[in-house]
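Just coords.cif here, mmCIF, C-alpha atoms, pLDDT in the B column; chains and numbers go by the auth columns:
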```cif
data_upload
loop_
_atom_site.group_PDB
_atom_site.id
_atom_site.type_symbol
_atom_site.label_atom_id
_atom_site.label_comp_id
_atom_site.label_asym_id
_atom_site.label_seq_id
_atom_site.Cartn_x
_atom_site.Cartn_y
_atom_site.Cartn_z
_atom_site.B_iso_or_equiv
_atom_site.auth_seq_id
_atom_site.auth_asym_id
ATOM 1 C CA MET A 1 6.618 -1.182 -69.488 70.00 1122 T
ATOM 2 C CA THR A 2 7.430 -4.826 -68.680 77.00 1123 T
ATOM 3 C CA HIS A 3 5.895 -7.048 -66.043 74.00 1124 T
ATOM 4 C CA GLU A 4 8.978 -6.782 -63.838 81.00 1125 T
ATOM 5 C CA GLU A 5 9.035 -2.982 -63.993 82.00 1126 T
ATOM 6 C CA SER A 6 5.314 -2.850 -63.284 80.00 1127 T
ATOM 7 C CA LYS A 7 5.556 -5.200 -60.289 80.00 1128 T
ATOM 8 C CA ALA A 8 8.522 -3.233 -58.928 85.00 1129 T
ATOM 9 C CA LYS A 9 6.500 -0.002 -59.005 86.00 1130 T
ATOM 10 C CA LEU A 10 3.137 -1.519 -58.075 85.00 1131 T
ATOM 11 C CA ASP A 11 3.215 -0.871 -54.324 84.00 1132 T
ATOM 12 C CA THR A 12 4.339 2.728 -54.736 86.00 1133 T
ATOM 13 C CA TYR A 13 1.652 3.177 -57.404 86.00 1134 T
ATOM 14 C CA LEU A 14 -1.063 1.785 -55.133 84.00 1135 T
ATOM 15 C CA ASP A 15 0.109 4.017 -52.272 83.00 1136 T
ATOM 16 C CA GLY A 16 -0.045 7.064 -54.569 85.00 1137 T
ATOM 17 C CA GLU A 17 3.675 7.763 -54.231 86.00 1138 T
ATOM 18 C CA LEU A 18 4.635 7.854 -57.939 86.00 1139 T
ATOM 19 C CA ASP A 19 4.886 11.068 -59.909 88.00 1140 T
ATOM 20 C CA SER A 20 2.159 11.628 -62.508 87.00 1141 T
ATOM 21 C CA ALA A 21 4.191 10.422 -65.505 89.00 1142 T
ATOM 22 C CA GLU A 22 5.204 7.138 -63.865 88.00 1143 T
ATOM 23 C CA ALA A 23 1.706 6.646 -62.462 87.00 1144 T
ATOM 24 C CA ALA A 24 0.211 7.094 -65.935 89.00 1145 T
ATOM 25 C CA GLU A 25 2.685 4.575 -67.352 90.00 1146 T
ATOM 26 C CA VAL A 26 1.850 1.973 -64.677 88.00 1147 T
ATOM 27 C CA ASP A 27 -1.862 2.684 -65.110 88.00 1148 T
ATOM 28 C CA ARG A 28 -1.590 2.149 -68.874 89.00 1149 T
ATOM 29 C CA HIS A 29 0.230 -1.159 -68.326 89.00 1150 T
ATOM 30 C CA LEU A 30 -2.379 -2.343 -65.817 87.00 1151 T
ATOM 31 C CA ARG A 31 -5.156 -1.639 -68.314 88.00 1152 T
ATOM 32 C CA GLU A 32 -3.387 -3.719 -70.973 89.00 1153 T
ATOM 33 C CA CYS A 33 -2.014 -6.603 -68.862 87.00 1154 T
ATOM 34 C CA ALA A 34 -4.484 -8.912 -67.119 87.00 1155 T
ATOM 35 C CA ALA A 35 -1.802 -10.621 -65.023 87.00 1156 T
ATOM 36 C CA CYS A 36 -0.488 -7.351 -63.601 86.00 1157 T
ATOM 37 C CA SER A 37 -3.966 -5.975 -62.947 86.00 1158 T
ATOM 38 C CA ALA A 38 -4.835 -9.204 -61.100 88.00 1159 T
ATOM 39 C CA GLU A 39 -1.670 -8.773 -59.027 87.00 1160 T
ATOM 40 C CA ALA A 40 -2.643 -5.156 -58.306 87.00 1161 T
ATOM 41 C CA LEU A 41 -6.097 -6.286 -57.157 86.00 1162 T
ATOM 42 C CA ARG A 42 -4.534 -8.956 -54.928 88.00 1163 T
ATOM 43 C CA ARG A 43 -2.241 -6.376 -53.331 86.00 1164 T
ATOM 44 C CA VAL A 44 -5.085 -3.896 -52.778 86.00 1165 T
ATOM 45 C CA GLN A 45 -7.133 -6.598 -51.059 87.00 1166 T
ATOM 46 C CA TRP A 46 -4.129 -7.589 -48.946 86.00 1167 T
ATOM 47 C CA LYS A 47 -3.504 -3.974 -47.866 85.00 1168 T
ATOM 48 C CA ARG A 48 -7.170 -3.533 -46.930 86.00 1169 T
ATOM 49 C CA ALA A 49 -7.144 -6.765 -44.896 86.00 1170 T
ATOM 50 C CA LEU A 50 -3.999 -5.641 -43.056 83.00 1171 T
ATOM 51 C CA LYS A 51 -5.497 -2.232 -42.341 83.00 1172 T
ATOM 52 C CA GLN A 52 -8.704 -3.766 -40.952 82.00 1173 T
ATOM 53 C CA ALA A 53 -6.736 -6.212 -38.809 80.00 1174 T
ATOM 54 C CA GLY A 54 -4.582 -3.373 -37.473 78.00 1175 T
ATOM 55 C CA GLU A 55 -7.625 -1.268 -36.604 77.00 1176 T
ATOM 56 C CA ARG A 56 -9.167 -4.180 -34.756 73.00 1177 T
ATOM 57 C CA TYR A 57 -6.170 -4.435 -32.410 70.00 1178 T
ATOM 58 C CA MET A 58 -5.467 -0.730 -31.893 69.00 1179 T
ATOM 59 C CA SER A 59 -6.024 0.783 -28.489 54.00 1180 T
ATOM 60 C CA GLU A 60 -9.341 2.517 -27.911 54.00 1181 T
ATOM 61 C CA GLY A 61 -7.867 5.998 -28.039 54.00 1182 T
ATOM 62 C CA ARG A 62 -6.250 5.438 -31.442 56.00 1183 T
ATOM 63 C CA ALA A 63 -8.942 3.425 -33.194 51.00 1184 T
ATOM 64 C CA SER A 64 -10.706 5.111 -36.081 53.00 1185 T
ATOM 65 C CA LYS A 65 -14.049 3.499 -35.310 53.00 1186 T
ATOM 66 C CA PRO A 66 -15.774 4.012 -31.955 52.00 1187 T
ATOM 67 C CA ARG A 67 -15.878 0.877 -29.853 53.00 1188 T
ATOM 68 C CA GLN A 68 -18.844 -0.374 -27.924 53.00 1189 T
ATOM 69 C CA SER A 69 -18.685 0.186 -24.206 49.00 1190 T
ATOM 70 C CA ALA A 70 -17.740 -2.740 -22.047 52.00 1191 T
ATOM 71 C CA ARG A 71 -19.795 -4.510 -19.409 55.00 1192 T
ATOM 72 C CA PRO A 72 -21.141 -2.062 -16.861 56.00 1193 T
ATOM 73 C CA PHE A 73 -19.537 -2.025 -13.403 52.00 1194 T
ATOM 74 C CA PHE A 74 -22.125 -1.048 -10.792 58.00 1195 T
ATOM 75 C CA GLY A 75 -24.170 0.509 -13.584 58.00 1196 T
ATOM 76 C CA ILE A 76 -21.217 2.477 -15.040 57.00 1197 T
ATOM 77 C CA PRO A 77 -20.053 1.381 -18.519 59.00 1198 T
ATOM 78 C CA LEU A 78 -16.289 0.925 -18.504 57.00 1199 T
ATOM 79 C CA GLY A 79 -13.999 1.568 -21.449 62.00 1200 T
ATOM 80 C CA LEU A 80 -10.685 -0.160 -22.086 56.00 1201 T
ATOM 81 C CA ALA A 81 -8.690 2.195 -19.849 59.00 1202 T
ATOM 82 C CA ALA A 82 -10.994 1.637 -16.873 59.00 1203 T
ATOM 83 C CA ARG A 83 -10.904 -2.119 -17.324 62.00 1204 T
ATOM 84 C CA GLN A 84 -7.113 -1.979 -17.164 69.00 1205 T
ATOM 85 C CA TRP A 85 -6.836 -0.101 -13.857 71.00 1206 T
ATOM 86 C CA LEU A 86 -9.783 -1.773 -12.115 74.00 1207 T
ATOM 87 C CA PRO A 87 -7.946 -5.041 -11.221 79.00 1208 T
ATOM 88 C CA ALA A 88 -4.925 -3.111 -9.920 81.00 1209 T
ATOM 89 C CA THR A 89 -7.178 -0.921 -7.777 84.00 1210 T
ATOM 90 C CA ALA A 90 -9.002 -3.947 -6.380 86.00 1211 T
ATOM 91 C CA LEU A 91 -5.678 -5.603 -5.540 89.00 1212 T
ATOM 92 C CA ALA A 92 -4.416 -2.469 -3.791 91.00 1213 T
ATOM 93 C CA LEU A 93 -7.607 -2.202 -1.732 93.00 1214 T
ATOM 94 C CA ALA A 94 -7.357 -5.882 -0.769 94.00 1215 T
ATOM 95 C CA ALA A 95 -3.747 -5.362 0.348 94.00 1216 T
ATOM 96 C CA ILE A 96 -4.773 -2.346 2.452 94.00 1217 T
ATOM 97 C CA LEU A 97 -7.543 -4.364 4.123 94.00 1218 T
ATOM 98 C CA VAL A 98 -5.148 -7.224 4.922 94.00 1219 T
ATOM 99 C CA LEU A 99 -2.594 -4.834 6.414 94.00 1220 T
ATOM 100 C CA ALA A 100 -5.307 -3.079 8.448 94.00 1221 T
ATOM 101 C CA GLY A 101 -6.522 -6.440 9.762 93.00 1222 T
ATOM 102 C CA ILE A 102 -3.003 -7.487 10.752 93.00 1223 T
ATOM 103 C CA THR A 103 -2.415 -4.157 12.516 92.00 1224 T
ATOM 104 C CA ILE A 104 -5.704 -4.385 14.442 92.00 1225 T
ATOM 105 C CA ASP A 105 -5.000 -8.009 15.398 91.00 1226 T
ATOM 106 C CA GLN A 106 -1.510 -7.142 16.671 91.00 1227 T
ATOM 107 C CA GLY A 107 -2.955 -4.311 18.765 87.00 1228 T
ATOM 108 C CA ARG A 108 -5.472 -6.700 20.342 89.00 1229 T
ATOM 109 C CA MET A 109 -2.756 -9.264 21.075 89.00 1230 T
ATOM 110 C CA ARG A 110 -0.574 -6.580 22.692 88.00 1231 T
ATOM 111 C CA ARG A 111 -3.463 -5.452 24.938 88.00 1232 T
ATOM 112 C CA ALA A 112 -4.241 -9.058 25.844 87.00 1233 T
ATOM 113 C CA ARG A 113 -0.618 -9.672 26.927 87.00 1234 T
ATOM 114 C CA GLN A 114 -0.593 -6.519 29.046 87.00 1235 T
ATOM 115 C CA ASN A 115 -3.746 -7.593 30.903 79.00 1236 T
#
```
Take the structure from the file and write it as structure tokens.
Amino acid sequence: MTHEESKAKLDTYLDGELDSAEAAEVDRHLRECAACSAEALRRVQWKRALKQAGERYMSEGRASKPRQSARPFFGIPLGLAARQWLPATALALAAILVLAGITIDQGRMRRARQN
């Protein structure tokens, strides 16, 4: 097997997608060729780094490792999902309070005009 053939099949070999005969041929070449085995090592390290980076940015429900709980909110530890809806809930409550205040103020002004 040549360097070009080995490099062409290297990713499928590392992913375990070659049949046993081709895998044995690539394996034999990697044992004999230092340049190709160094390239295989580089690709394995690159794949591991990409996998770790992907796991770091996955959502909490899909991550393979459990995440630490976030800062507690009134003594309750909040996960990622709770931290996402908390600002929206606070904004909705603030809007309700503003509307209630406007309604109460308009009722007072109406009573004041009638008197």
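Taking CA of Asp1132 (chain T) as the reference point, CA of Gln1173 (chain T) is found at 18.1 Å.
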Notebook entry, point to check: What does the distance between CA of His1150 (chain T) and CA of Gly1137 (chain T) come to in Å, to one decimal place?
Noted result: 16.0 Å
Around all listed atoms of region 1215-1225 of chain T, padded 8 Å per side, what centre and edge lengths does the axis-aligned box have in Å to one decimal, as JSON?
```
{"center_x": -5.0, "center_y": -4.9, "center_z": 6.8, "size_x": 21.1, "size_y": 21.1, "size_z": 31.2}
```
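Proximity of T:Lys1128, T:Arg1177, T:Arg1232, T:Ala1213 to Leu1151 (chain T), computed with only C-alpha atoms, is greatest for T:Lys1128.
Interatomic distance, CA of Trp1167 (chain T) against CA of Ser1141 (chain T): 24.3 Å.
Residue nearest Arg1164 (chain T), chosen from T:Arg1229, T:Val1219, T:Tyr1134, T:Glu1146 and counting all atoms listed in the file: T:Tyr1134.
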Check: If you apply the PyMOL selection byres ((chain T and resi 1127) around 9) to this file, what residues do you get, as an MDAnalysis selection string?
Finding: chainID T and resid 1122:1126 1128:1131 1146:1147 1150:1151 1157
